[in-house]
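Undergrad: Would you mind keeping the following structure in view while I ask a few things?
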Amino acid sequence: MFLEGSFLGILPQMPVPTYTVTCTKNVLIVRDVYEFALSKPPGFIFEPGQYVLFDVPLVGDPADIQPRAFSLAALPEEPDLLFIAKLVPGGRMSRFVAESLSAGTTILMKGPMGRFVLDRTTDNRLLFVATGTGIAPFRPQILALLAADPLRRIDLIFGVRTEQDLFWMDMFRDLERKHPNVHFHPTLSAGSSSWGGHRGRVQAVIPQIVTDFSRLSLYACGNPEMTKGVKHLALTQWGMGKEDVHVEGYI
Ligand SMILES: Cc1cc2nc3c(=O)[nH]c(=O)nc-3n(C[C@H](O)[C@H](O)[C@H](O)COP(=O)(O)OP(=O)(O)OC[C@H]3O[C@@H](n4cnc5c(N)ncnc54)[C@H](O)[C@@H]3O)c2cc1C
């Protein structure tokens with residue numbers, strides 16, 4: 001009889017497939033974030049939280065290609081693949097998204113990849129912590145959780161700099177209205193004087209929202225300094241076990 005582990009151990013690594021995908025929309029949703037959708041190739045199966053690698057051509061020199069990673073922001077059952085991309089000055093993908101990507105553009109995509117997926121073995125309370133476009137994987141993760149387990153307590157902290165950097169607010173406010181167990185905490189590090197919500201770094205906001213860190217699963221995504229900091233605090237100050245702390249740094 002084969003033992004599953006040893007059987008898998010001798011199998012050659014399965015190559016990750018590459019697909020040609022076509023853009024179906026690309027819109028600027030705040031001053032430096034684009035939301036774009038791509039056609040889903042037949043047979044493309046993924047889990048909420050995973051990412052893909054795009055072969056990104058240099059604008060002006062399409063033969064010069066480099067990979068860039070992007071989290072899948074759609075549910076597996078949604079018809080198109082959804083992504084959000086933050087523009088960084090002089091960035092390769094940033095230029096491609098802002099200048100070349102529109103309905104009908106094709107790009108090579110490899111995936112799915114990554115292990116930043118929901119731990120289905122616990123029924124812990126959930127805390128999602130995002131900065132900027134790090135909120136991308138949490139859209140499908142939260143929607144999938146609510147479909148499977150509609151009463152689970154879910155908190156989502158979404159940190160950006162100012163009011164002008166907030167996006168997807170209606171979507172998460174709407175989820176909060178429909179599900180009393182969902183709590184959305186937009187947080188501004190440099191908000192205006194009229195901002196009435198949380199302020200400061202998301203690391204500092206967490207203990208204002210969670211006082212009991214037992215039976216909690218924490219997922220943090222976005223700025224790698226933030227994800228490192230949150231993980232460190234969770235393990236050294238909040239007494240969490242590493243099996244309950246999941247991070248994805250957008251390096
Ligand atoms: C697993 C994974 C998933 C990711 N998912 C997403 C996602 O869903 N959405 C998303 O927007 N990004 C995501 N990223 C980050 C993304 O892959 C790129 O690194 C980022 O978009 C910058 O790419 P670029 O080609 O525009 O810039 P690059 O050409 O890589 O960089 C150009 C210049 O900008 C600097 N730079 C790079 N990033 C930043 C930054 N954030 N702030 C300031 N300066 C910067 C670089 O140091 C460089 O000098 C993810 C990263 C990982 C590892």
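Starting from 1 in every chain, residues are counted up; chains themselves are A, B, ... following the order of the structure tokens, and ligands are numbered from 1 as listed.
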Fewer than 3 positions away in the same chain doesn't count, so skip those; otherwise give me all residues within 10 Å of Phe44 (chain A), counting only C-alpha atoms, as a VMD selection string.
TA: chain A and resid 17 19 40 to 41 76 81 111 to 112
Undergrad: Near Asp149 (chain A), within 12 Å and counting only C-alpha atoms, which residues show up once chain neighbours fewer than 5 positions away are dropped, as a list in words?
TA: Arg120, Thr122, Asp123, Asn124, Arg125, Leu126, Gln141, Ile142, Leu143, Ala144, Ile154, His179, Asn181 and Val182 of chain A
Undergrad: Quick one: pick out all strand (DSSP E) residues within region 1-225 of chain A from a backbone DSSP run and write them as a CSV table (one decimal) with C-alpha atoms, in the first residue's frame.
TA:
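Okay, part.csv is ready:
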chain,number,residue,atom,x,y,z
A,18,THR,CA,0.7,29.4,-18.0
A,19,TYR,CA,-2.4,31.0,-19.7
A,20,THR,CA,-3.0,33.8,-22.1
A,21,VAL,CA,-5.7,35.9,-20.6
A,22,THR,CA,-7.6,38.9,-22.0
A,23,CYS,CA,-8.4,42.1,-20.1
A,24,THR,CA,-12.2,42.7,-19.8
A,25,LYS,CA,-12.0,46.0,-17.8
A,26,ASN,CA,-9.4,48.3,-16.2
A,27,VAL,CA,-10.5,51.3,-14.1
A,28,LEU,CA,-8.7,53.7,-11.8
A,29,ILE,CA,-10.6,53.4,-8.5
A,30,VAL,CA,-8.6,55.8,-6.4
A,33,VAL,CA,-5.0,52.0,-7.6
A,34,TYR,CA,-6.4,50.3,-10.7
A,35,GLU,CA,-9.0,47.5,-10.6
A,36,PHE,CA,-8.8,45.2,-13.6
A,37,ALA,CA,-10.5,42.0,-14.7
A,38,LEU,CA,-9.2,39.3,-16.9
A,39,SER,CA,-11.0,36.4,-18.7
A,51,TYR,CA,-1.9,34.7,-6.4
A,52,VAL,CA,-0.7,34.6,-10.0
A,53,LEU,CA,2.5,35.8,-11.8
A,54,PHE,CA,2.1,38.0,-14.8
A,55,ASP,CA,4.7,38.2,-17.5
A,56,VAL,CA,4.9,41.9,-17.6
A,57,PRO,CA,6.3,43.5,-20.8
A,58,LEU,CA,8.2,46.8,-20.5
A,61,ASP,CA,9.9,47.3,-25.4
A,62,PRO,CA,7.5,44.3,-25.3
A,63,ALA,CA,10.3,41.8,-25.7
A,64,ASP,CA,11.6,42.8,-22.3
A,65,ILE,CA,9.5,40.6,-19.9
A,66,GLN,CA,9.6,40.3,-16.1
A,67,PRO,CA,7.3,38.5,-13.7
A,68,ARG,CA,5.1,40.3,-11.1
A,69,ALA,CA,2.9,38.7,-8.5
A,70,PHE,CA,-0.8,39.7,-8.0
A,71,SER,CA,-3.4,38.4,-5.6
A,80,ASP,CA,-13.8,36.8,-14.5
A,81,LEU,CA,-10.5,37.1,-12.5
A,82,LEU,CA,-10.3,40.3,-10.6
A,83,PHE,CA,-7.1,42.2,-9.5
A,84,ILE,CA,-6.2,45.5,-7.9
A,85,ALA,CA,-2.8,47.1,-8.6
A,86,LYS,CA,-1.2,50.0,-6.8
A,106,THR,CA,-3.7,40.0,-23.6
A,107,ILE,CA,-1.1,39.0,-21.1
A,108,LEU,CA,0.6,35.8,-20.0
A,109,MET,CA,-0.4,34.6,-16.5
A,110,LYS,CA,1.0,31.7,-14.5
A,111,GLY,CA,-0.7,30.2,-11.5
A,112,PRO,CA,-2.4,29.8,-9.2
A,113,MET,CA,0.3,29.9,-6.5
A,125,ARG,CA,-12.8,34.2,15.3
A,126,LEU,CA,-11.1,35.8,12.3
A,127,LEU,CA,-9.0,39.0,12.1
A,128,PHE,CA,-8.0,40.3,8.6
A,129,VAL,CA,-5.4,43.1,8.5
A,130,ALA,CA,-4.6,44.8,5.2
A,131,THR,CA,-2.7,47.8,4.1
A,154,ILE,CA,-14.9,38.5,11.2
A,155,ASP,CA,-13.0,41.8,11.7
A,156,LEU,CA,-11.3,43.5,8.8
A,157,ILE,CA,-8.8,46.3,9.5
A,158,PHE,CA,-8.0,48.3,6.3
A,159,GLY,CA,-5.1,50.7,6.6
A,160,VAL,CA,-4.3,53.4,4.1
A,182,VAL,CA,-18.8,41.3,10.2
A,183,HIS,CA,-16.9,44.4,11.5
A,184,PHE,CA,-15.0,46.7,9.1
A,185,HIS,CA,-12.4,49.1,10.5
A,186,PRO,CA,-10.9,51.5,8.0
A,187,THR,CA,-7.9,53.1,9.5
A,188,LEU,CA,-6.0,56.2,8.3
A,198,HIS,CA,-9.4,54.7,13.6
A,199,ARG,CA,-6.1,56.5,13.2
A,216,LEU,CA,-8.3,33.9,17.0
A,217,SER,CA,-6.9,33.3,13.5
A,218,LEU,CA,-5.0,36.3,12.1
A,219,TYR,CA,-4.4,37.0,8.4
A,220,ALA,CA,-2.2,40.1,7.5
A,221,CYS,CA,-1.5,41.2,3.9
A,222,GLY,CA,0.2,44.2,2.2
Undergrad: Would you please extract all alpha helix (DSSP H) residues from region 53-246 of chain A, as assigned by DSSP on the backbone, and give them as a ChimeraX atom specification?
TA: /A:92-95,138-148,169-178,202-209,224-236
Undergrad: For Pro137 (chain A), list every protein, DNA or RNA residue within 8 Å, evaluated using only C-alpha atoms, and leave out those in the same chain fewer than 4 positions away; present the list as a PyMOL selection string.
TA: chain A and resi 48-50+71-73+141
Undergrad: Ranking A:Glu78, A:Asp174, A:Glu163, A:Asp32 by minimum distance to ligand 1 and counting only C-alpha atoms and all ligand atoms, which one comes first?
TA: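 Nearest to ligand 1: A:Asp32.
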